[in-house]
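Source file: coords-v3.txt; contents: compact mmCIF, C-alpha atoms and all ligand atoms.
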# COMPACT_ATOMS: atom_id res chain seq x y z
CA MET A 231 0.00 0.00 0.00
CA LYS A 232 1.29 3.53 -0.88
CA PHE A 233 0.75 6.65 1.21
CA LEU A 234 0.84 10.42 0.99
CA VAL A 235 0.84 12.40 4.24
CA VAL A 236 -0.53 15.93 3.82
CA GLY A 237 0.72 18.00 6.73
CA VAL A 238 3.93 16.74 8.35
CA GLY A 239 3.48 18.27 11.77
CA ALA A 240 3.08 16.36 15.02
CA VAL A 241 0.52 13.78 13.84
CA GLY A 242 1.74 13.69 10.24
CA SER A 243 5.31 13.08 11.40
CA VAL A 244 4.13 10.01 13.32
CA PHE A 245 2.38 8.51 10.30
CA LEU A 246 5.19 9.39 7.86
CA SER A 247 8.02 8.09 10.06
CA PHE A 248 6.29 4.87 11.17
CA LEU A 249 5.03 3.96 7.68
CA SER A 250 8.45 4.73 6.17
CA ARG A 251 10.17 2.58 8.80
CA ALA A 252 7.78 -0.27 7.98
CA GLY A 253 8.93 -0.10 4.36
CA TYR A 254 5.82 1.42 2.77
CA LYS A 255 6.11 3.96 -0.01
CA ALA A 256 5.23 7.15 1.86
CA VAL A 257 5.82 10.78 0.96
CA GLY A 258 5.01 13.83 3.06
CA LEU A 259 3.64 17.04 1.56
CA VAL A 260 5.15 20.04 3.33
CA LYS A 261 4.89 23.74 2.73
CA PRO A 262 7.57 25.46 0.58
CA GLY A 263 10.91 25.61 2.32
CA ARG A 264 9.94 22.99 4.93
CA SER A 265 11.38 19.83 3.31
CA LEU A 266 12.70 17.10 5.60
CA SER A 267 15.06 14.17 4.99
CA LYS A 268 14.68 12.49 8.39
CA ILE A 269 12.43 12.45 11.44
CA LYS A 270 13.59 11.60 14.97
CA VAL A 271 10.89 9.82 16.95
CA GLU A 272 10.92 9.78 20.77
CA GLY A 273 8.47 8.94 23.49
CA ILE A 274 6.21 6.09 24.54
CA TRP A 275 6.40 4.15 21.24
CA GLY A 276 10.18 4.00 21.22
CA GLU A 277 13.06 6.04 19.86
CA PHE A 278 14.38 5.89 16.32
CA GLU A 279 15.50 8.12 13.50
CA GLN A 280 13.88 7.48 10.14
CA GLU A 281 14.81 8.76 6.70
CA VAL A 282 11.74 10.23 5.04
CA ILE A 283 10.80 11.73 1.69
CA THR A 284 8.94 15.01 1.51
CA VAL A 285 7.85 17.22 -1.39
CA GLU A 286 6.80 20.84 -1.43
CA ASP A 287 4.33 20.46 -4.32
CA LEU A 288 1.78 17.75 -5.14
CA SER A 289 3.03 17.62 -8.77
CA LEU A 290 6.23 16.02 -7.40
CA VAL A 291 4.35 13.00 -6.04
CA GLU A 292 5.24 10.43 -8.73
CA TYR A 293 2.64 7.78 -7.85
CA THR A 294 -1.03 7.48 -6.97
CA PRO A 295 -1.26 6.93 -3.21
CA ASP A 296 -3.75 4.35 -2.00
CA VAL A 297 -4.35 6.44 1.12
CA ILE A 298 -3.79 10.16 1.68
CA VAL A 299 -3.44 10.93 5.40
CA LEU A 300 -4.83 14.42 6.00
CA SER A 301 -3.08 15.67 9.12
CA VAL A 302 -3.33 19.45 8.92
CA LYS A 303 -5.08 21.59 11.53
CA SER A 304 -8.80 22.04 10.91
CA TYR A 305 -8.33 25.63 9.81
CA ASP A 306 -6.25 24.36 6.85
CA THR A 307 -8.57 21.52 5.82
CA GLN A 308 -10.39 23.20 2.96
CA SER A 309 -7.24 24.50 1.26
CA ALA A 310 -5.42 21.19 1.76
CA LEU A 311 -8.30 19.15 0.32
CA GLU A 312 -8.67 21.29 -2.81
CA GLY A 313 -5.39 20.07 -4.26
CA LEU A 314 -6.20 16.37 -3.90
CA SER A 315 -9.00 15.80 -6.41
CA SER A 316 -6.72 14.40 -9.17
CA PHE A 317 -5.49 11.69 -6.79
CA VAL A 318 -9.00 10.83 -5.61
CA GLU A 319 -10.15 10.57 -9.23
CA LYS A 320 -7.41 7.95 -9.74
CA GLY A 321 -8.60 5.95 -6.73
CA SER A 322 -6.92 7.43 -3.64
CA TYR A 323 -8.79 7.41 -0.34
CA ILE A 324 -8.59 10.36 2.05
CA LEU A 325 -8.00 9.47 5.72
CA ILE A 326 -9.10 12.31 8.02
CA ALA A 327 -6.47 12.32 10.81
CA GLN A 328 -7.72 15.36 12.68
CA ASN A 329 -9.71 16.55 15.69
CA GLY A 330 -13.05 18.27 15.49
CA TYR A 331 -16.27 18.47 13.52
CA GLY A 332 -16.44 19.49 9.89
CA ASN A 333 -13.25 18.02 8.41
CA TYR A 334 -14.95 14.77 7.36
CA GLU A 335 -17.98 16.71 6.10
CA LYS A 336 -15.80 18.97 3.93
CA ALA A 337 -13.99 15.97 2.42
CA VAL A 338 -17.24 14.07 1.78
CA GLU A 339 -18.76 17.15 0.15
CA LEU A 340 -15.79 17.34 -2.25
CA PHE A 341 -15.16 13.64 -2.93
CA GLY A 342 -18.10 11.53 -1.70
CA ASP A 343 -18.45 9.28 1.34
CA ASP A 344 -17.06 6.29 -0.55
CA LYS A 345 -13.66 8.03 -0.75
CA VAL A 346 -13.24 9.37 2.79
CA ILE A 347 -12.14 7.35 5.80
CA LEU A 348 -12.65 8.88 9.23
CA SER A 349 -10.34 8.37 12.19
CA ARG A 350 -10.30 9.18 15.90
CA ILE A 351 -6.81 9.82 17.14
CA ILE A 352 -6.21 9.92 20.88
CA PHE A 353 -2.48 9.55 21.10
CA GLY A 354 -0.59 12.73 21.90
CA ALA A 355 2.23 13.92 19.64
CA LYS A 356 4.36 17.01 20.12
CA ARG A 357 6.88 18.38 17.67
CA THR A 358 10.02 19.18 19.65
CA ASN A 359 11.84 20.35 16.53
CA VAL A 360 11.06 20.61 12.82
CA ASP A 361 12.39 17.04 12.37
CA ARG A 362 11.64 15.60 15.82
CA VAL A 363 8.37 14.33 17.32
CA ARG A 364 7.63 13.02 20.81
CA ILE A 365 4.68 10.71 21.40
CA THR A 366 3.55 11.69 24.87
CA VAL A 367 0.41 9.72 25.65
CA CYS A 368 -1.94 7.15 24.17
CA ALA A 369 -5.36 6.86 25.78
CA ASP A 370 -6.65 4.32 23.23
CA PRO A 371 -5.72 2.87 19.81
CA VAL A 372 -6.50 4.93 16.71
CA VAL A 373 -9.99 4.04 15.40
CA ILE A 374 -10.62 4.19 11.64
CA GLY A 375 -13.83 3.52 9.71
CA SER A 376 -16.39 4.58 7.15
CA PRO A 377 -19.44 6.20 8.85
CA SER A 378 -21.48 5.58 5.69
CA GLY A 379 -20.40 1.95 5.31
CA ASN A 380 -19.50 2.72 1.68
CA ILE A 381 -15.87 1.64 1.94
CA LYS A 382 -15.12 -2.09 1.98
CA GLU A 383 -14.52 -3.40 5.53
CA GLU A 384 -11.81 -5.70 4.19
CA PHE A 385 -9.83 -2.65 3.00
CA LEU A 386 -10.33 -0.87 6.34
CA ASN A 387 -9.23 -3.94 8.31
CA THR A 388 -6.12 -4.22 6.10
CA LEU A 389 -5.33 -0.53 6.65
CA ALA A 390 -5.76 -0.83 10.41
CA ASP A 391 -3.50 -3.87 10.39
CA ILE A 392 -0.83 -2.00 8.40
CA PHE A 393 -0.85 0.90 10.88
CA SER A 394 -0.74 -1.47 13.88
CA LYS A 395 2.13 -3.54 12.49
CA ALA A 396 3.98 -0.31 11.65
CA GLY A 397 3.74 0.61 15.36
CA ILE A 398 0.63 2.85 15.50
CA PRO A 399 -2.02 0.82 17.40
CA THR A 400 -5.15 1.01 15.24
CA ARG A 401 -8.45 -0.80 14.84
CA HIS A 402 -11.38 -0.58 12.46
CA ASP A 403 -14.82 0.20 13.83
CA ARG A 404 -17.94 1.18 11.87
CA GLU A 405 -18.93 3.33 14.87
CA VAL A 406 -15.93 5.59 14.25
CA TYR A 407 -18.07 8.73 14.30
CA LYS A 408 -19.32 7.95 17.78
CA TYR A 409 -15.68 7.62 18.83
CA LEU A 410 -14.84 10.97 17.18
CA TRP A 411 -17.78 12.72 18.83
CA GLU A 412 -16.72 11.35 22.22
CA LYS A 413 -13.34 13.04 21.55
CA ILE A 414 -14.93 16.24 20.18
CA ILE A 415 -16.85 16.63 23.47
CA TYR A 416 -13.65 15.93 25.43
CA ASN A 417 -11.69 18.50 23.38
CA CYS A 418 -14.51 21.09 23.64
CA ALA A 419 -14.59 20.64 27.42
CA LEU A 420 -10.83 20.90 27.93
CA ASN A 421 -8.82 22.42 25.09
CA PRO A 422 -10.08 26.05 25.14
CA LEU A 423 -10.02 26.29 28.95
CA GLY A 424 -6.58 24.70 29.09
CA ALA A 425 -5.40 27.20 26.50
CA LEU A 426 -7.02 30.28 28.07
CA PHE A 427 -5.97 29.44 31.66
CA GLU A 428 -2.71 27.68 30.72
CA LEU A 429 -3.74 24.75 32.91
CA THR A 430 -3.46 21.00 32.39
CA TYR A 431 -6.56 18.85 31.97
CA GLY A 432 -6.12 17.58 35.53
CA GLN A 433 -5.89 21.09 36.99
CA LEU A 434 -9.02 22.13 35.10
CA VAL A 435 -11.15 19.36 36.58
CA GLU A 436 -9.76 19.87 40.12
CA ASN A 437 -10.68 23.56 40.01
CA PRO A 438 -14.37 23.87 41.04
CA TYR A 439 -14.89 26.95 38.89
CA THR A 440 -13.44 25.59 35.64
CA ARG A 441 -15.13 22.26 36.41
CA GLU A 442 -18.49 24.05 36.49
CA ILE A 443 -17.73 25.58 33.09
CA ILE A 444 -16.74 22.13 31.78
CA ASN A 445 -20.07 20.71 32.98
CA GLY A 446 -21.95 23.51 31.25
CA ILE A 447 -20.07 22.97 27.97
CA ILE A 448 -20.94 19.27 28.03
CA ASP A 449 -24.60 19.90 28.92
CA GLU A 450 -24.99 22.27 25.95
CA ILE A 451 -23.31 19.82 23.59
CA PHE A 452 -25.71 17.03 24.51
CA MET A 453 -28.69 19.33 23.87
CA VAL A 454 -27.29 20.08 20.41
CA LEU A 455 -26.47 16.42 19.64
CA LYS A 456 -30.00 15.37 20.63
CA ALA A 457 -31.53 18.00 18.35
CA HIS A 458 -29.39 16.78 15.42
CA ARG A 459 -29.90 13.09 16.29
CA ILE A 460 -26.14 12.64 16.52
CA GLU A 461 -25.35 9.59 18.64
CA THR A 462 -22.41 8.90 20.91
CA PHE A 463 -21.85 5.93 23.21
CA HIS A 464 -23.52 7.86 26.03
CA THR A 465 -27.20 8.70 26.06
CA SER A 466 -27.00 11.64 28.44
CA SER A 467 -24.72 14.42 29.57
CA GLU A 468 -24.60 12.97 33.08
CA GLU A 469 -23.61 9.53 31.79
CA TYR A 470 -20.87 11.09 29.61
CA LYS A 471 -19.54 13.18 32.52
CA ARG A 472 -19.04 10.07 34.62
CA HIS A 473 -17.02 8.51 31.79
CA PHE A 474 -15.16 11.79 31.19
CA TYR A 475 -14.05 12.31 34.80
CA GLU A 476 -13.38 8.65 35.57
CA LYS A 477 -11.86 7.35 32.31
CA LEU A 478 -10.95 10.08 29.84
CA VAL A 479 -9.21 12.75 31.92
CA PRO A 480 -6.95 10.61 34.20
CA PRO A 481 -4.66 9.23 31.43
CA THR A 482 -4.17 12.78 30.07
CA ALA A 483 -4.33 14.71 33.35
CA ASN A 484 -0.83 16.20 32.89
CA HIS A 485 -1.53 17.25 29.30
CA TYR A 486 -1.70 20.81 28.08
CA PRO A 487 -3.89 21.12 24.97
CA SER A 488 -2.29 21.65 21.60
CA MET A 489 -4.63 24.68 21.42
CA LEU A 490 -2.38 26.47 23.96
CA GLU A 491 0.50 26.55 21.50
CA ASP A 492 -1.85 27.46 18.69
CA ILE A 493 -3.32 30.59 20.30
CA LYS A 494 0.17 31.87 21.10
CA LYS A 495 0.59 31.90 17.30
CA GLY A 496 -2.79 33.53 16.84
CA LYS A 497 -4.29 30.33 15.38
CA THR A 498 -7.04 28.03 16.64
CA GLU A 499 -9.21 25.04 15.75
CA ILE A 500 -12.02 26.42 17.89
CA ASP A 501 -14.38 26.58 14.90
CA ALA A 502 -14.13 22.79 14.58
CA LEU A 503 -14.83 22.40 18.31
CA ASN A 504 -16.91 24.75 20.49
CA GLY A 505 -17.55 27.00 17.48
CA ALA A 506 -19.03 24.02 15.62
CA ILE A 507 -21.33 23.37 18.61
CA VAL A 508 -22.50 26.99 18.44
CA GLU A 509 -23.23 26.70 14.69
CA LEU A 510 -25.00 23.35 15.08
CA GLY A 511 -26.99 24.91 17.93
CA LYS A 512 -28.06 27.83 15.75
CA GLN A 513 -29.24 25.38 13.07
CA ALA A 514 -31.48 23.77 15.69
CA ASN A 515 -32.50 27.03 17.42
CA ILE A 516 -30.69 25.99 20.57
CA GLU A 517 -28.89 28.57 22.69
CA THR A 518 -25.31 27.63 23.62
CA PRO A 519 -24.18 30.59 25.76
CA ILE A 520 -21.23 28.86 27.43
CA ASN A 521 -19.80 27.45 24.21
CA SER A 522 -20.38 30.85 22.56
CA VAL A 523 -18.47 32.75 25.25
CA ILE A 524 -15.62 30.22 25.21
CA THR A 525 -15.42 30.44 21.41
CA ASN A 526 -15.29 34.23 21.46
CA MET A 527 -12.71 34.30 24.26
CA VAL A 528 -10.37 32.05 22.23
CA LYS A 529 -10.99 34.06 19.07
CA GLY A 530 -10.46 37.27 21.04
CA VAL A 531 -7.04 36.10 22.18
CA CYS A 532 -6.14 35.10 18.62
CA TYR A 533 -7.40 38.43 17.30
CA ASP A 534 -5.28 40.22 19.87
CA LYS A 535 -2.25 38.17 18.83
CA ALA A 536 -2.88 38.91 15.17
CA PHE A 537 -2.74 42.61 16.01
CA GLY A 538 0.46 42.49 18.01
CA GLY A 539 -0.91 41.30 21.34
CA SER A 540 0.64 38.66 23.53
CA GLY A 541 -1.60 35.83 22.40
CA ARG A 542 -2.22 35.13 26.05
CA CYS A 543 -5.54 35.60 27.76
CA PHE A 544 -4.06 37.04 30.93
CA GLY A 545 -1.29 39.20 29.52
N1 LIG A 601 -0.84 16.80 18.22
C1 LIG A 601 -1.62 15.94 18.85
O1 LIG A 601 -1.27 15.39 19.93
C2 LIG A 601 -2.95 15.59 18.29
C3 LIG A 601 -3.49 16.31 17.25
N2 LIG A 601 -4.72 15.94 16.76
C4 LIG A 601 -5.30 16.67 15.61
O2 LIG A 601 -4.60 16.30 14.43
C5 LIG A 601 -4.58 17.40 13.51
C6 LIG A 601 -3.13 17.77 13.18
O3 LIG A 601 -2.58 18.24 14.38
P1 LIG A 601 -0.99 18.47 14.58
O4 LIG A 601 -0.24 17.44 13.85
O5 LIG A 601 -0.78 18.64 16.04
O6 LIG A 601 -0.82 19.88 13.84
P2 LIG A 601 0.56 20.56 13.38
O7 LIG A 601 0.29 22.03 13.29
O8 LIG A 601 1.69 20.07 14.22
O9 LIG A 601 0.78 19.94 11.91
C7 LIG A 601 0.08 20.39 10.78
C8 LIG A 601 1.13 20.64 9.72
O10 LIG A 601 0.51 20.77 8.43
C9 LIG A 601 1.12 21.87 7.77
N3 LIG A 601 0.21 22.30 6.71
C10 LIG A 601 -0.90 23.06 6.80
N4 LIG A 601 -1.49 23.17 5.61
C11 LIG A 601 -0.72 22.47 4.72
C12 LIG A 601 -0.79 22.19 3.33
N5 LIG A 601 -1.81 22.67 2.59
N6 LIG A 601 0.19 21.42 2.75
C13 LIG A 601 1.20 20.93 3.51
N7 LIG A 601 1.33 21.16 4.84
C14 LIG A 601 0.37 21.91 5.42
C15 LIG A 601 1.38 22.87 8.87
O11 LIG A 601 2.28 23.87 8.48
P3 LIG A 601 2.22 25.29 9.26
O12 LIG A 601 2.51 24.99 10.70
O13 LIG A 601 3.27 26.11 8.59
O14 LIG A 601 0.84 25.83 9.06
C16 LIG A 601 1.92 21.93 9.95
O15 LIG A 601 3.28 21.70 9.79
C17 LIG A 601 -5.35 18.53 14.21
O16 LIG A 601 -6.70 18.50 13.85
C18 LIG A 601 -5.19 18.18 15.69
O17 LIG A 601 -6.20 18.74 16.49
C19 LIG A 601 -5.42 14.87 17.23
C20 LIG A 601 -4.92 14.15 18.28
C21 LIG A 601 -3.68 14.47 18.90
C1 LIG A 602 -4.79 14.83 24.84
C2 LIG A 602 -4.72 14.63 23.40
C3 LIG A 602 -3.32 14.76 22.87
C4 LIG A 602 -5.19 13.22 23.09
O1 LIG A 602 -5.36 13.10 21.72
C5 LIG A 602 -5.64 15.61 22.70
O2 LIG A 602 -6.82 15.49 22.74
C6 LIG A 602 -5.12 16.74 21.93
O3 LIG A 602 -4.36 17.56 22.44
O4 LIG A 602 -5.55 16.81 20.75
What does this structure look like when you write it as structure tokens?
Amino acid sequence: MKFLVVGVGAVGSVFLSFLSRAGYKAVGLVKPGRSLSKIKVEGIWGEFEQEVITVEDLSLVEYTPDVIVLSVKSYDTQSALEGLSSFVEKGSYILIAQNGYGNYEKAVELFGDDKVILSRIIFGAKRTNVDRVRITVCADPVVIGSPSGNIKEEFLNTLADIFSKAGIPTRHDREVYKYLWEKIIYNCALNPLGALFELTYGQLVENPYTREIINGIIDEIFMVLKAHRIETFHTSSEEYKRHFYEKLVPPTANHYPSMLEDIKKGKTEIDALNGAIVELGKQANIETPINSVITNMVKGVCYDKAFGGSGRCFG
């Protein structure tokens, strides 16, 4: 199987380095001037240095990839997808390797649900240098699947097996969207607050005031999901909160959200997280005041940064 990784940042570096080490044809698409010849991997899945191939333009990819791993931030999804249609027309699948709501929808709108594989990634990867990535945590294997059922299960099982044998624990599950939504709720509850307060996930839930905000975020999300008939593995906000506090937060309690680094650069995926909840709420005439305030606070910090501010909420 042949791969193209679009976006060789933290997550993309993991896929490119592990697939290259396993001997698969894999090329990374990077922005101009950002080419790499090797990636140093550190962290919980071992340490190794892997030679990699990157290109700065899609025209330099000399084969049709079977799978294109899309691992850009959500705010770059649309522009990254637009260059991929010639590959998809020749048979490539797109694998959405991102957080948040809307990335899969954008890809399906462009290419159809028989060409887009969805994933839920809940390992943590941090770029410690342009050619170095540290895998910091893994709360569960990667889950991949086709929400529509329009991609052959045999292919998805083979792909999951390739990733697992390459060193990225992965399994196929048709319920992949439920897994992604469970993560979307988790990211909505933690990432913006962790970024605005510069606190870890564990500190946020120990603090009674931020914990109350977290509870309100989750309550609003479940009202919106119910209105849109979007299912998760939990039928109520209260049931999800028990799972969240008991199972999801502890393995990542010392984690700062990737959103913290983003807002210092004046960038954010908030529109694929709490902002998406606000938009879905508006479509269903549901008020989401807490998610709205959180979204505007993050955007306010990014706006400030864009105009010379500190990119920090508290100066
Ligand atoms: N990091 C993590 O631990 C986890 C991340 N995720 C999710 O995975 C996704 C990727 O995150 P992450 O890897 O951390 O993000 P990064 O910012 O580290 O990596 C994205 C990379 O893609 C590059 N890029 C953007 N647009 C293009 C393009 N059109 N062509 C080529 N390269 C491009 C970016 O360049 P530039 O920086 O110059 O814009 C950047 O180097 C996000 O949705 C994130 O939320 C999910 C689970 C864990
Ligand atoms: C905690 C972690 C790394 C797990 O995926 C996460 O959700 C994120 O920062 O995107």
Give the answer as one residue: which of A:Gly424, A:Pro487, A:Pro438, A:Pro399 has the shortest atom-to-atom distance to ligand LIG 601 (chain A), using only C-alpha atoms and all ligand atoms?
A:Pro487
At most 8 Å is the cut-off: for each residue in stretch 254-362 of chain A with any atom that close to an atom of stretch 502-517 of chain A, write down the nearest atom pair and the distance in Å rounded to one decimal, counting all atoms listed in the file, chain first then increasing number, as a Markdown table.
| residue | atom | partner | partner_atom | distance |
| --- | --- | --- | --- | --- |
| A:Ser304 | CA | A:Ala502 | CA | 6.5 |
| A:Asn329 | CA | A:Ala502 | CA | 7.7 |
| A:Gly330 | CA | A:Ala502 | CA | 4.7 |
| A:Tyr331 | CA | A:Ala502 | CA | 4.9 |
| A:Gly332 | CA | A:Ala502 | CA | 6.2 |
| A:Asn333 | CA | A:Ala502 | CA | 7.8 |
Is it possible to get the axis-aligned box enclosing ligand LIG 601 (chain A) (all listed atoms, 8 Å extra per side) as lines of an AutoDock Vina configuration file, with centre and edge lengths in Å rounded to one decimal?
center_x = -1.7
center_y = 20.1
center_z = 11.3
size_x = 26.0
size_y = 28.0
size_z = 33.3
Can you list every residue of chain A that has an atom at most 6 Å from ligand LIG 602 (chain A), with its nearest atom pair and the distance in Å to one decimal, using only C-alpha atoms and all ligand atoms, ordered by chain then number, as a Markdown table?
| residue | atom | partner | partner_atom | distance |
| --- | --- | --- | --- | --- |
| A:Ile351 | CA | A:LIG602 | O1 | 5.8 |
| A:Ile352 | CA | A:LIG602 | O1 | 3.4 |
| A:Phe353 | CA | A:LIG602 | O1 | 4.6 |
| A:Gly354 | CA | A:LIG602 | C3 | 3.5 |
| A:Asn417 | CA | A:LIG602 | O2 | 5.8 |
| A:Thr482 | CA | A:LIG602 | C1 | 5.7 |
| A:Pro487 | CA | A:LIG602 | O3 | 4.4 |
| A:Ser488 | CA | A:LIG602 | O3 | 4.7 |
For ligand LIG 601 (chain A), list the contacting residues at 7 Å or closer, counting all atoms listed in the file, as number ranges by chain.
A: 236-242, 259-261, 301-304, 306, 309-310, 327-330, 351-357, 488
Any idea what's packed within 7 Å of stretch 418-420 of chain A, counting only C-alpha atoms, ignoring anything in its chain fewer than 3 positions away? Could you give it as a list in words?
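These residues fall inside the cut-off: Ile414, Ile415, Leu423, Gly424, Tyr431, Ile444, Ile447, Ile448, Leu503 and Asn504 of chain A.
Minimum atom-to-atom distance to A:Ile365, evaluated using only C-alpha atoms, belongs to A:Ile398 out of A:Pro480, A:Leu311, A:Lys268, A:Ile398.
Considering the residues A:Ala390, A:Glu468, A:Gly446, A:Glu499 and counting only C-alpha atoms, A:Asn421 has its shortest atom-to-atom contact with A:Glu499.
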Rank A:Phe248, A:Phe474, A:Tyr305, A:Tyr439 by their smallest atom-to-atom distance to A:Glu279, using only C-alpha atoms, and report the top residue only.
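Under the stated criterion, the closest residue is A:Phe248.
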Reconstructed N, CA and C atoms for stretch 461-477 of chain A, given as a PDB file, keeping the file's coordinate frame:
ATOM      1  N   GLU A 461     -25.500  10.526  17.523  1.00  0.00           N
ATOM      2  CA  GLU A 461     -25.350   9.590  18.640  1.00  0.00           C
ATOM      3  C   GLU A 461     -23.896   9.471  19.080  1.00  0.00           C
ATOM      4  N   THR A 462     -23.716   9.296  20.376  1.00  0.00           N
ATOM      5  CA  THR A 462     -22.410   8.900  20.910  1.00  0.00           C
ATOM      6  C   THR A 462     -22.642   7.591  21.670  1.00  0.00           C
ATOM      7  N   PHE A 463     -21.658   7.160  22.428  1.00  0.00           N
ATOM      8  CA  PHE A 463     -21.850   5.930  23.210  1.00  0.00           C
ATOM      9  C   PHE A 463     -22.560   6.206  24.528  1.00  0.00           C
ATOM     10  N   HIS A 464     -22.861   7.472  24.776  1.00  0.00           N
ATOM     11  CA  HIS A 464     -23.520   7.860  26.030  1.00  0.00           C
ATOM     12  C   HIS A 464     -24.824   8.564  25.711  1.00  0.00           C
ATOM     13  N   THR A 465     -25.863   8.186  26.420  1.00  0.00           N
ATOM     14  CA  THR A 465     -27.200   8.700  26.060  1.00  0.00           C
ATOM     15  C   THR A 465     -27.541   9.999  26.783  1.00  0.00           C
ATOM     16  N   SER A 466     -26.697  10.391  27.727  1.00  0.00           N
ATOM     17  CA  SER A 466     -27.000  11.640  28.440  1.00  0.00           C
ATOM     18  C   SER A 466     -25.713  12.337  28.845  1.00  0.00           C
ATOM     19  N   SER A 467     -25.860  13.620  29.127  1.00  0.00           N
ATOM     20  CA  SER A 467     -24.720  14.420  29.570  1.00  0.00           C
ATOM     21  C   SER A 467     -24.146  13.863  30.875  1.00  0.00           C
ATOM     22  N   GLU A 468     -25.044  13.488  31.777  1.00  0.00           N
ATOM     23  CA  GLU A 468     -24.600  12.970  33.080  1.00  0.00           C
ATOM     24  C   GLU A 468     -23.814  11.673  32.898  1.00  0.00           C
ATOM     25  N   GLU A 469     -24.309  10.791  32.019  1.00  0.00           N
ATOM     26  CA  GLU A 469     -23.610   9.530  31.790  1.00  0.00           C
ATOM     27  C   GLU A 469     -22.224   9.809  31.175  1.00  0.00           C
ATOM     28  N   TYR A 470     -22.162  10.753  30.234  1.00  0.00           N
ATOM     29  CA  TYR A 470     -20.870  11.090  29.610  1.00  0.00           C
ATOM     30  C   TYR A 470     -19.907  11.673  30.652  1.00  0.00           C
ATOM     31  N   LYS A 471     -20.415  12.551  31.513  1.00  0.00           N
ATOM     32  CA  LYS A 471     -19.540  13.180  32.520  1.00  0.00           C
ATOM     33  C   LYS A 471     -18.889  12.149  33.425  1.00  0.00           C
ATOM     34  N   ARG A 472     -19.645  11.118  33.777  1.00  0.00           N
ATOM     35  CA  ARG A 472     -19.040  10.070  34.620  1.00  0.00           C
ATOM     36  C   ARG A 472     -17.861   9.436  33.884  1.00  0.00           C
ATOM     37  N   HIS A 473     -18.080   9.116  32.611  1.00  0.00           N
ATOM     38  CA  HIS A 473     -17.020   8.510  31.790  1.00  0.00           C
ATOM     39  C   HIS A 473     -15.848   9.477  31.636  1.00  0.00           C
ATOM     40  N   PHE A 474     -16.150  10.742  31.395  1.00  0.00           N
ATOM     41  CA  PHE A 474     -15.160  11.790  31.190  1.00  0.00           C
ATOM     42  C   PHE A 474     -14.264  11.919  32.428  1.00  0.00           C
ATOM     43  N   TYR A 475     -14.858  12.084  33.589  1.00  0.00           N
ATOM     44  CA  TYR A 475     -14.050  12.310  34.800  1.00  0.00           C
ATOM     45  C   TYR A 475     -13.335  11.049  35.276  1.00  0.00           C
ATOM     46  N   GLU A 476     -13.970   9.902  35.049  1.00  0.00           N
ATOM     47  CA  GLU A 476     -13.380   8.650  35.570  1.00  0.00           C
ATOM     48  C   GLU A 476     -12.401   8.000  34.588  1.00  0.00           C
ATOM     49  N   LYS A 477     -12.638   8.128  33.280  1.00  0.00           N
ATOM     50  CA  LYS A 477     -11.860   7.350  32.310  1.00  0.00           C
ATOM     51  C   LYS A 477     -11.046   8.201  31.359  1.00  0.00           C
TER      52      LYS A 477
END
